[in-house]
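Engineer: For reference, this is coords.csv, and it has CSV, C-alpha atoms.
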```csv
chain,number,residue,atom,x,y,z
A,18,MET,CA,70.4,-5.6,-8.5
A,19,SER,CA,67.7,-4.1,-6.3
A,20,GLU,CA,66.3,-6.0,-3.4
A,21,LEU,CA,63.0,-7.7,-3.8
A,22,LYS,CA,60.3,-6.3,-1.5
A,23,SER,CA,59.1,-8.8,1.0
A,24,LYS,CA,55.5,-9.8,0.8
A,25,LYS,CA,55.5,-11.0,4.4
A,26,PRO,CA,52.8,-9.1,6.4
A,27,ALA,CA,54.0,-6.8,9.2
A,28,ASN,CA,54.4,-8.4,12.6
A,29,THR,CA,51.3,-6.8,14.1
A,30,ALA,CA,48.5,-8.3,16.1
A,31,PHE,CA,46.0,-7.3,13.4
A,32,LYS,CA,47.9,-8.6,10.3
A,33,GLN,CA,49.1,-11.7,12.1
A,34,GLN,CA,45.6,-12.5,13.4
A,35,ARG,CA,46.5,-12.3,17.1
A,36,LEU,CA,43.7,-10.0,18.2
A,37,LYS,CA,41.8,-11.1,21.2
A,38,ALA,CA,38.5,-12.9,20.2
A,39,TRP,CA,35.7,-14.6,22.0
A,40,GLN,CA,35.0,-18.1,20.8
A,41,PRO,CA,32.0,-19.5,22.7
A,42,LEU,CA,31.8,-23.2,23.3
A,43,LEU,CA,28.4,-24.4,22.4
A,44,THR,CA,27.7,-27.0,25.1
A,45,PRO,CA,24.3,-28.3,26.3
A,46,LYS,CA,24.7,-26.2,29.4
A,47,THR,CA,24.7,-23.0,27.3
A,48,VAL,CA,22.5,-23.9,24.3
A,49,LEU,CA,19.6,-25.5,26.1
A,50,PRO,CA,18.9,-22.6,28.6
A,51,ALA,CA,19.2,-20.1,25.7
A,52,LEU,CA,16.6,-21.9,23.6
A,53,PHE,CA,14.2,-22.3,26.4
A,54,ALA,CA,14.6,-18.7,27.4
A,55,MET,CA,13.9,-17.5,23.9
A,56,GLY,CA,10.8,-19.8,23.8
A,57,ILE,CA,9.5,-18.5,27.1
A,58,VAL,CA,10.0,-14.8,26.1
A,59,PHE,CA,9.0,-14.9,22.4
A,60,ALA,CA,5.8,-16.9,22.6
A,61,PRO,CA,4.0,-14.9,25.2
A,62,LEU,CA,5.3,-11.6,23.7
A,63,GLY,CA,3.9,-12.8,20.3
A,64,GLY,CA,0.6,-13.6,21.9
A,65,PHE,CA,0.5,-10.1,23.4
A,66,PHE,CA,1.3,-8.5,20.0
A,67,PHE,CA,-1.4,-10.7,18.3
A,68,SER,CA,-4.0,-9.7,20.9
A,69,GLU,CA,-3.2,-6.0,20.4
A,70,SER,CA,-3.6,-6.4,16.6
A,71,GLU,CA,-6.9,-8.2,16.9
A,72,SER,CA,-8.2,-5.4,19.2
A,73,VAL,CA,-8.1,-3.0,16.2
A,74,ASN,CA,-11.5,-2.4,14.7
A,75,GLU,CA,-11.7,-2.3,11.0
A,76,VAL,CA,-14.2,-2.0,8.1
A,77,VAL,CA,-13.2,-2.9,4.6
A,78,ILE,CA,-15.7,-2.3,1.7
A,79,ASP,CA,-14.9,-3.0,-2.0
A,80,TYR,CA,-16.8,-0.4,-4.1
A,81,THR,CA,-15.3,-1.3,-7.5
A,82,GLN,CA,-18.6,-2.6,-8.9
A,83,CYS,CA,-20.6,0.5,-7.7
A,84,ILE,CA,-20.0,2.0,-11.1
A,85,SER,CA,-22.5,-0.4,-12.6
A,86,GLN,CA,-25.3,0.2,-10.0
A,87,THR,CA,-28.3,2.5,-10.0
A,88,ALA,CA,-29.5,5.0,-7.5
A,89,THR,CA,-31.3,2.3,-5.5
A,90,LEU,CA,-29.0,1.0,-2.7
A,91,VAL,CA,-28.2,-2.7,-3.0
A,92,GLN,CA,-26.4,-5.0,-0.5
A,93,LEU,CA,-22.9,-6.1,-1.2
A,94,ASP,CA,-21.9,-9.7,-1.7
A,95,GLU,CA,-20.0,-11.4,1.2
A,96,ASN,CA,-16.7,-11.3,-0.6
A,97,GLN,CA,-17.0,-7.5,-1.1
A,98,TYR,CA,-16.8,-6.4,2.6
A,99,ASP,CA,-15.2,-7.4,5.8
A,100,TYR,CA,-16.2,-6.3,9.4
A,101,ARG,CA,-13.6,-6.9,12.2
A,102,PHE,CA,-14.6,-5.6,15.6
A,103,ALA,CA,-12.9,-6.3,18.9
A,104,SER,CA,-16.2,-6.5,20.8
A,105,ALA,CA,-18.2,-9.7,20.9
A,106,ASN,CA,-21.4,-7.6,20.7
A,107,THR,CA,-21.9,-7.4,17.0
A,108,THR,CA,-25.7,-7.8,16.8
A,109,GLY,CA,-26.0,-4.3,15.3
A,110,ILE,CA,-24.0,-5.2,12.2
A,111,TYR,CA,-25.8,-5.0,8.8
A,112,VAL,CA,-24.6,-5.9,5.4
A,113,PRO,CA,-23.2,-2.8,3.6
A,114,SER,CA,-25.0,-1.3,0.6
A,115,TYR,CA,-24.2,1.1,-2.2
A,116,GLY,CA,-25.8,2.9,-5.0
A,117,LEU,CA,-24.7,5.2,-7.9
A,118,THR,CA,-25.9,8.7,-8.8
A,119,GLN,CA,-24.6,11.3,-11.1
A,120,ALA,CA,-23.6,14.9,-10.2
A,121,THR,CA,-22.6,18.0,-12.2
A,122,THR,CA,-20.1,19.2,-9.6
A,123,TYR,CA,-17.3,17.3,-7.8
A,124,LEU,CA,-17.4,16.8,-4.0
A,125,THR,CA,-14.5,19.3,-3.9
A,126,GLY,CA,-16.9,22.0,-5.2
A,127,GLN,CA,-15.3,22.2,-8.7
A,128,ALA,CA,-17.8,22.4,-11.5
A,129,LEU,CA,-17.6,20.0,-14.5
A,130,PRO,CA,-17.6,21.3,-18.0
A,131,PRO,CA,-21.1,21.7,-19.5
A,132,GLY,CA,-22.7,18.4,-20.4
A,133,GLU,CA,-20.4,16.2,-18.3
A,134,VAL,CA,-21.3,14.4,-15.1
A,135,VAL,CA,-19.3,12.6,-12.4
A,136,ASN,CA,-20.4,9.1,-11.1
A,137,ARG,CA,-20.9,9.3,-7.3
A,138,CYS,CA,-21.1,6.2,-5.2
A,139,THR,CA,-23.1,6.3,-1.9
A,140,ILE,CA,-21.9,3.7,0.6
A,141,GLN,CA,-23.8,2.8,3.8
A,142,PHE,CA,-22.4,0.5,6.5
A,143,SER,CA,-22.9,-0.1,10.2
A,144,ILE,CA,-20.7,0.3,13.3
A,145,PRO,CA,-22.1,-1.7,16.2
A,146,MET,CA,-20.0,-0.2,19.0
A,147,GLU,CA,-18.4,3.1,20.1
A,148,LEU,CA,-15.1,3.7,18.3
A,149,HIS,CA,-12.5,5.9,19.9
A,150,GLY,CA,-10.1,8.0,17.8
A,151,PRO,CA,-7.9,8.3,16.1
A,152,ILE,CA,-9.8,6.7,13.2
A,153,TYR,CA,-8.1,6.5,9.8
A,154,LEU,CA,-9.6,6.3,6.3
A,155,TYR,CA,-7.5,4.5,3.7
A,156,TYR,CA,-8.1,3.5,0.1
A,157,GLN,CA,-6.9,0.0,-0.9
A,158,LEU,CA,-5.9,-1.0,-4.4
A,159,THR,CA,-5.3,-4.5,-5.6
A,160,ASN,CA,-3.3,-5.8,-8.7
A,161,PHE,CA,-1.5,-2.4,-9.0
A,162,TYR,CA,2.2,-3.0,-9.3
A,163,GLN,CA,3.8,0.2,-8.1
A,164,ASN,CA,7.0,-1.7,-7.7
A,165,HIS,CA,7.6,-2.2,-11.4
A,166,ARG,CA,11.0,-1.0,-12.4
A,167,LYS,CA,9.9,1.3,-15.2
A,168,TYR,CA,7.1,2.7,-13.1
A,169,VAL,CA,9.3,3.4,-10.1
A,170,LYS,CA,11.9,5.2,-12.2
A,171,SER,CA,9.4,7.4,-14.1
A,172,LEU,CA,9.7,10.6,-12.2
A,173,SER,CA,12.0,13.6,-11.7
A,174,TYR,CA,13.0,14.5,-8.1
A,175,ASN,CA,14.6,17.7,-9.5
A,176,GLN,CA,11.3,18.8,-10.9
A,177,LEU,CA,9.5,18.0,-7.6
A,178,ASN,CA,12.1,19.9,-5.7
A,179,GLY,CA,11.2,23.0,-7.7
A,180,GLU,CA,14.1,23.0,-10.2
A,181,THR,CA,13.7,23.8,-13.9
A,182,LEU,CA,14.0,20.9,-16.3
A,183,THR,CA,14.9,20.8,-19.9
A,184,THR,CA,12.9,18.8,-22.3
A,185,SER,CA,15.7,16.3,-22.7
A,186,GLU,CA,16.0,15.9,-19.0
A,187,ALA,CA,12.2,15.3,-18.7
A,188,GLU,CA,12.3,12.7,-21.5
A,189,ALA,CA,15.2,10.9,-19.8
A,190,SER,CA,13.7,10.9,-16.3
A,191,CYS,CA,10.0,10.6,-16.9
A,192,ASN,CA,9.6,8.5,-20.0
A,193,PRO,CA,7.0,7.9,-21.4
A,194,ILE,CA,5.2,10.8,-19.7
A,195,GLY,CA,7.9,13.4,-20.2
A,196,THR,CA,7.0,16.0,-22.8
A,197,VAL,CA,4.3,16.8,-25.3
A,198,ASP,CA,4.4,19.3,-28.2
A,199,GLY,CA,7.6,20.8,-26.8
A,200,LYS,CA,6.1,21.3,-23.3
A,201,ILE,CA,7.1,19.5,-20.1
A,202,TYR,CA,4.5,17.5,-18.2
A,203,TYR,CA,4.2,18.8,-14.6
A,204,PRO,CA,4.5,16.7,-12.6
A,205,CYS,CA,6.0,14.3,-15.1
A,206,GLY,CA,6.3,10.5,-15.0
A,207,LEU,CA,4.1,7.5,-14.7
A,208,ILE,CA,3.7,7.7,-10.9
A,209,ALA,CA,2.2,11.2,-10.9
A,210,ASN,CA,0.1,10.5,-14.0
A,211,SER,CA,-1.5,7.5,-12.4
A,212,MET,CA,-2.3,9.2,-9.0
A,213,PHE,CA,-5.4,7.9,-7.3
A,214,ASN,CA,-8.1,10.6,-7.6
A,215,ASP,CA,-11.3,9.3,-6.1
A,216,THR,CA,-12.7,11.8,-3.6
A,217,PHE,CA,-14.3,10.9,-0.3
A,218,THR,CA,-16.7,12.9,1.9
A,219,ASN,CA,-16.7,13.0,5.7
A,220,LEU,CA,-18.4,10.3,7.7
A,221,THR,CA,-22.1,10.8,8.3
A,222,LEU,CA,-24.1,9.0,11.0
A,223,ILE,CA,-27.6,8.6,9.7
A,224,ARG,CA,-30.4,9.6,12.1
A,225,PRO,CA,-28.8,8.4,15.4
A,226,GLY,CA,-31.2,7.2,18.1
A,227,GLY,CA,-34.1,7.3,15.7
A,228,GLY,CA,-33.9,11.0,15.3
A,229,THR,CA,-34.2,13.2,12.2
A,230,ASP,CA,-30.8,14.9,12.2
A,231,ASP,CA,-27.6,13.3,10.9
A,232,ILE,CA,-24.3,13.8,12.6
A,233,THR,CA,-21.2,14.6,10.4
A,234,TYR,CA,-17.7,13.7,11.6
A,235,ILE,CA,-15.1,15.9,10.0
A,236,MET,CA,-12.2,14.0,8.6
A,237,SER,CA,-8.9,15.9,8.3
A,238,GLU,CA,-6.8,15.5,5.1
A,239,LYS,CA,-3.9,17.3,6.7
A,240,GLY,CA,-1.0,15.6,8.5
A,241,ILE,CA,-1.3,12.4,6.4
A,242,ALA,CA,2.0,12.7,4.6
A,243,TRP,CA,5.5,12.5,5.9
A,244,HIS,CA,6.8,15.8,7.2
A,245,THR,CA,10.0,15.3,5.2
A,246,ASP,CA,8.0,15.2,2.0
A,247,VAL,CA,6.1,18.3,2.8
A,248,THR,CA,9.2,20.3,3.4
A,249,ARG,CA,11.2,18.8,0.5
A,250,TYR,CA,8.8,19.2,-2.4
A,251,LYS,CA,8.3,22.7,-3.9
A,252,LYS,CA,6.4,24.3,-6.7
A,253,THR,CA,8.3,24.3,-10.0
A,254,SER,CA,10.2,27.4,-11.1
A,255,THR,CA,9.6,26.6,-14.8
A,256,PRO,CA,7.4,29.2,-16.6
A,257,VAL,CA,3.8,28.2,-16.9
A,258,SER,CA,3.9,28.6,-20.7
A,259,GLU,CA,6.4,25.7,-20.9
A,260,LEU,CA,4.3,23.3,-18.8
A,261,ALA,CA,1.6,20.8,-19.7
A,262,VAL,CA,-1.0,19.1,-17.5
A,263,PRO,CA,-0.5,15.3,-17.3
A,264,PRO,CA,-3.0,13.3,-19.4
A,265,ASN,CA,-4.9,11.9,-16.4
A,266,TRP,CA,-5.0,15.3,-14.7
A,267,ARG,CA,-7.0,17.1,-17.4
A,268,LYS,CA,-10.3,16.9,-15.5
A,269,ARG,CA,-8.6,18.5,-12.6
A,270,TYR,CA,-7.2,21.3,-14.7
A,271,PRO,CA,-9.6,21.5,-17.7
A,272,ASP,CA,-8.2,24.8,-18.9
A,273,GLY,CA,-4.5,24.0,-18.2
A,274,TYR,CA,-2.1,25.7,-15.8
A,275,THR,CA,-2.1,29.4,-15.0
A,276,ASP,CA,0.0,31.4,-12.6
A,277,GLU,CA,-2.9,31.3,-10.1
A,278,ASN,CA,-3.7,27.5,-10.2
A,279,LEU,CA,-0.2,26.1,-10.8
A,280,PHE,CA,0.2,22.8,-9.0
A,281,ASP,CA,2.2,22.9,-5.7
A,282,PRO,CA,3.2,19.4,-4.5
A,283,SER,CA,3.9,20.6,-0.9
A,284,GLN,CA,0.2,21.7,-0.6
A,285,ASP,CA,-1.3,18.4,-1.8
A,286,GLU,CA,-0.7,15.7,0.8
A,287,HIS,CA,-2.6,13.1,-1.2
A,288,PHE,CA,0.0,13.5,-4.0
A,289,LEU,CA,2.8,13.1,-1.5
A,290,VAL,CA,1.2,10.0,-0.1
A,291,TRP,CA,0.8,8.5,-3.6
A,292,MET,CA,4.4,9.3,-4.6
A,293,ARG,CA,5.7,6.9,-1.8
A,294,THR,CA,5.4,3.8,-3.9
A,295,SER,CA,4.4,0.4,-2.4
A,296,TRP,CA,6.4,-2.7,-2.5
A,297,TYR,CA,3.4,-4.9,-3.1
A,298,PRO,CA,0.6,-5.1,-5.7
A,299,THR,CA,-2.1,-4.9,-2.9
A,300,PHE,CA,-1.6,-1.8,-0.7
A,301,ARG,CA,-3.3,0.8,1.4
A,302,LYS,CA,-2.7,4.5,1.4
A,303,LEU,CA,-3.9,7.0,4.0
A,304,TYR,CA,-6.6,9.4,2.8
A,305,SER,CA,-7.8,11.2,5.9
A,306,LYS,CA,-8.1,10.8,9.7
A,307,TYR,CA,-10.5,11.6,12.5
A,308,GLU,CA,-9.3,12.6,16.0
A,309,GLY,CA,-12.5,14.0,17.6
A,310,ASP,CA,-15.2,12.5,19.9
A,311,PRO,CA,-15.8,8.8,19.7
A,312,LEU,CA,-17.9,7.5,16.8
A,313,GLN,CA,-21.4,6.4,18.0
A,314,PRO,CA,-22.9,3.1,17.1
A,315,GLY,CA,-25.2,3.2,14.1
A,316,THR,CA,-25.4,3.4,10.3
A,317,TYR,CA,-22.9,5.5,8.5
A,318,GLN,CA,-22.7,6.9,5.1
A,319,ILE,CA,-19.8,8.0,2.9
A,320,GLN,CA,-19.9,9.3,-0.7
A,321,VAL,CA,-17.2,8.7,-3.3
A,322,ASP,CA,-16.6,10.5,-6.6
A,323,MET,CA,-15.5,7.6,-8.8
A,324,ASN,CA,-12.8,9.2,-11.0
A,325,TYR,CA,-10.2,6.4,-10.8
A,326,ASP,CA,-10.5,3.6,-13.4
A,327,ILE,CA,-9.0,0.7,-11.5
A,328,ALA,CA,-10.5,-1.7,-14.1
A,329,ALA,CA,-7.8,-0.6,-16.5
A,330,TYR,CA,-5.3,-2.4,-14.3
A,331,GLY,CA,-7.5,-5.4,-13.6
A,332,GLY,CA,-7.7,-4.6,-9.9
A,333,THR,CA,-10.2,-3.5,-7.3
A,334,LYS,CA,-10.5,-0.5,-5.0
A,335,SER,CA,-11.9,-0.4,-1.4
A,336,ILE,CA,-12.3,2.0,1.5
A,337,VAL,CA,-10.8,0.9,4.8
A,338,LEU,CA,-11.9,2.5,8.1
A,339,SER,CA,-9.5,1.5,10.8
A,340,GLY,CA,-8.4,2.2,14.3
A,341,THR,CA,-4.9,1.7,15.6
A,342,SER,CA,-2.8,0.3,18.4
A,343,PHE,CA,0.8,1.0,19.5
A,344,LEU,CA,1.8,-1.5,16.8
A,345,GLY,CA,-0.1,0.4,14.0
A,346,ASP,CA,-3.1,-0.8,12.1
A,347,ARG,CA,-4.5,-4.3,12.1
A,348,ASN,CA,-1.7,-6.7,11.1
A,349,PRO,CA,-1.2,-10.1,12.8
A,350,PHE,CA,2.1,-10.8,11.2
A,351,ILE,CA,4.4,-9.6,14.0
A,352,GLY,CA,2.5,-11.5,16.7
A,353,LEU,CA,2.4,-14.7,14.6
A,354,ALA,CA,6.1,-14.4,13.8
A,355,TYR,CA,7.0,-14.1,17.5
A,356,ILE,CA,4.8,-17.0,18.4
A,357,VAL,CA,6.2,-19.3,15.7
A,358,MET,CA,9.8,-18.3,16.7
A,359,GLY,CA,9.1,-19.0,20.4
A,360,CYS,CA,7.5,-22.4,19.6
A,361,VAL,CA,10.4,-23.3,17.3
A,362,CYS,CA,13.0,-22.4,20.0
A,363,ALA,CA,11.1,-24.4,22.6
A,364,LEU,CA,10.8,-27.4,20.3
A,365,LEU,CA,14.5,-27.4,19.4
A,366,GLY,CA,15.2,-27.1,23.2
A,367,LEU,CA,13.2,-30.2,23.9
A,368,ILE,CA,14.8,-32.1,21.0
A,369,PHE,CA,18.3,-31.3,22.1
A,370,LEU,CA,17.4,-32.0,25.7
A,371,GLY,CA,16.2,-35.5,24.8
A,372,TRP,CA,19.3,-36.1,22.6
A,373,HIS,CA,21.5,-35.0,25.5
A,374,PHE,CA,19.6,-37.2,27.9
A,375,PHE,CA,19.9,-40.4,25.9
A,376,ARG,CA,23.2,-39.7,24.2
A,377,PRO,CA,25.2,-37.4,26.5
A,378,ARG,CA,28.6,-36.0,25.3
```
Before we go any further, please render this structure as structure tokens.
Structural biologist:
Amino acid sequence: MSELKSKKPANTAFKQQRLKAWQPLLTPKTVLPALFAMGIVFAPLGGFFFSESESVNEVVIDYTQCISQTATLVQLDENQYDYRFASANTTGIYVPSYGLTQATTYLTGQALPPGEVVNRCTIQFSIPMELHGPIYLYYQLTNFYQNHRKYVKSLSYNQLNGETLTTSEAEASCNPIGTVDGKIYYPCGLIANSMFNDTFTNLTLIRPGGGTDDITYIMSEKGIAWHTDVTRYKKTSTPVSELAVPPNWRKRYPDGYTDENLFDPSQDEHFLVWMRTSWYPTFRKLYSKYEGDPLQPGTYQIQVDMNYDIAAYGGTKSIVLSGTSFLGDRNPFIGLAYIVMGCVCALLGLIFLGWHFFRPR
């Protein structure tokens, strides 16, 4: 009869739980100083972070309803814009205004098919103080759920990396925007098909100092995407004859793809920015940036080709012109979180101190 194997653990420090360990004793002499120390550090640090966030200048203008306007500029309602400037001298602020015209060419210079026009929104707003760079231009969308499971999964990284897909692979990865008539959509998927395609001009300062000449500040659309995305994504190796333009991209490629105009994701940083989906239904994405001389006070103008139908999603779209601090753009959450944490620690310290004073251990 064979011997039964013992189930007793080996006589080692690890298996017999004899390893050295630190077991702190939570006494009033150790807990109270720690709570007060965290309160003293966190609250002032949170105040500093909050102050830095509030020092960021920001202009937010909702231009969703510009599509229903005429060429005459009209002022926006109070709930359609938001001015936030660090300086107390805001006497030069005026209510933004916008108006709608129609054009036969896009702001990019591309001509529209005969008989078609593009709706162009002209937005004017004021900046009451000198703004130093860098200045960032974002677009902001609301009620757009990029975090929906089916939406997030509807893409093919293999295709974006330049690999060739079969129709079955495209259908599996990019459903419901995978194939059409035996051809593969490029780029395929819901994310690519719903890409934001409004176009913005540079910032123009209108007649500064009462003069007759405008000043144009050139906004750069390069360097807005993650470097890793620029180097990772590549033009597809699939023959052009096997590719189809996504449904919402047909105005961009009215005659389809050719060897000369085939889409290259590594060269379109707006596409790379869009493909990084947001966790929230309200989000901002970087469109361009300005790093030149300071923006002078005055009235500014920007034009927008309104190609994107946000009304289909029941949301709104806005432009956001913002500066930055070492913490990023204007966001008071970090500062408020530190302040709340510091106050909670200090309050708990006072409660435990009173408890220890009246009922010592």
Engineer: Give me the residues near segment 30-47 of chain A as a list in words, where near means some atom within 8 Å (using all atoms listed in the file) and where sequence neighbours in that chain fewer than 6 positions away do not count.
Structural biologist: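 Here the answer would be Phe369, Leu370 and His373 of chain A.
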Engineer: Report as a PyMOL selection string all protein, DNA and RNA residues lying within 10 Å of His149 of chain A, evaluated on all atoms listed in the file, omitting residues in the same chain fewer than 6 positions from it.
Structural biologist: chain A and resi 74+307-313+340-341
Engineer: Tell me which of A:Thr29, A:Thr81, A:Asn348, A:Gln284 sits closest to Gly240 of chain A, counting all atoms listed in the file.
Structural biologist: A:Gln284
Engineer: Give me, as JSON, numbers by chain, all polymer residues having an atom no more than 12 Å from Asn96 of chain A, counting only C-alpha atoms and skipping those fewer than 4 positions away in the same chain.
Structural biologist: {"A": [77, 78, 79, 80, 92, 100, 112, 113, 335]}
Engineer: The residues within 9 Å of (2.1, 22.9, -5.9), using all atoms listed in the file and the coordinates of the file, should be reported as a list in words; which are they?
Structural biologist: Tyr250, Lys251, Lys252, Thr253, Asn278, Leu279, Phe280, Asp281, Pro282, Ser283, Gln284 and Asp285 of chain A
Engineer: Go through A:Gln176, A:Ser70, A:Asn164, A:Gln157 and flag the residue nearest Ser254 of chain A, using all atoms listed in the file for the distances.
Structural biologist: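 Closest to Ser254 of chain A, using all atoms listed in the file: A:Gln176.
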Engineer: List the spatial neighbours of Pro314 of chain A as a list in words - criterion: any atom at most 8 Å away, all atoms listed in the file, same-chain residues fewer than 6 positions off excluded.
Structural biologist: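 The contact residues come out as Ser143, Ile144, Pro145, Met146, Glu147 and Leu148 of chain A.
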Engineer: Take the residues just selected and output them with C-alpha atoms as a CSV table (one decimal), in the coordinates of the input.
Structural biologist:
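As a result, out.csv now contains:
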```
chain,number,residue,atom,x,y,z
A,143,SER,CA,-22.9,-0.1,10.2
A,144,ILE,CA,-20.7,0.3,13.3
A,145,PRO,CA,-22.1,-1.7,16.2
A,146,MET,CA,-20.0,-0.2,19.0
A,147,GLU,CA,-18.4,3.1,20.1
A,148,LEU,CA,-15.1,3.7,18.3
```
Engineer: What is the distance, in Å and to one decimal place, between atom CA of Ile110 of chain A and atom CA of Tyr304 of chain A?
Structural biologist: 24.6 Å
Engineer: Of the candidates A:Met292, A:Leu260, A:Ile201, A:Leu158, which shows the shortest atom-to-atom distance to Asp246 of chain A, using only C-alpha atoms?
Structural biologist: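 For Asp246 of chain A, the nearest of the given residues is A:Met292.
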Engineer: Segment 187-196 of chain A: which residues within 8 Å, counting all atoms listed in the file, same-chain residues fewer than 5 positions away excluded, as a VMD selection string?
Structural biologist: chain A and resid 170 to 173 182 201 to 202 205 to 207 210 261 263
Engineer: Considering only C-alpha atoms, can you say which of A:Ile152, A:Val321, A:Leu62, A:Ile327 comes closest to Gln119 of chain A?
Structural biologist: A:Val321
Engineer: Using only C-alpha atoms, which of A:Asp276, A:Arg347, A:Arg376, A:Ala120 sits nearest Phe102 of chain A?
Structural biologist: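 Closest to Phe102 of chain A of all the choices is A:Arg347.
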Engineer: Which of these residues is nearest to Pro256 of chain A, using all atoms listed in the file: A:Gly179, A:Pro61, A:Gly345, A:Pro26?
Structural biologist: A:Gly179
Engineer: If we draw a sphere of 6 Å around (-13.9, 4.0, 7.0), which residues have at least one atom in it when counting only C-alpha atoms? Please report them as a PyMOL selection string.
Structural biologist: chain A and resi 154+337-338
Engineer: Can you tell me how far atom CA of Cys138 of chain A sits from atom CA of Gly332 of chain A, in Å to one decimal?
Structural biologist: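 Calculated distance between atom CA of Cys138 of chain A and atom CA of Gly332 of chain A is 17.8 Å.
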Engineer: Using Å and a single decimal, report how far atom CA of Gly315 of chain A sits from atom CA of Glu71 of chain A.
Structural biologist: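 So the two atoms, atom CA of Glu71 of chain A and atom CA of Gly315 of chain A, lie 21.7 Å apart.
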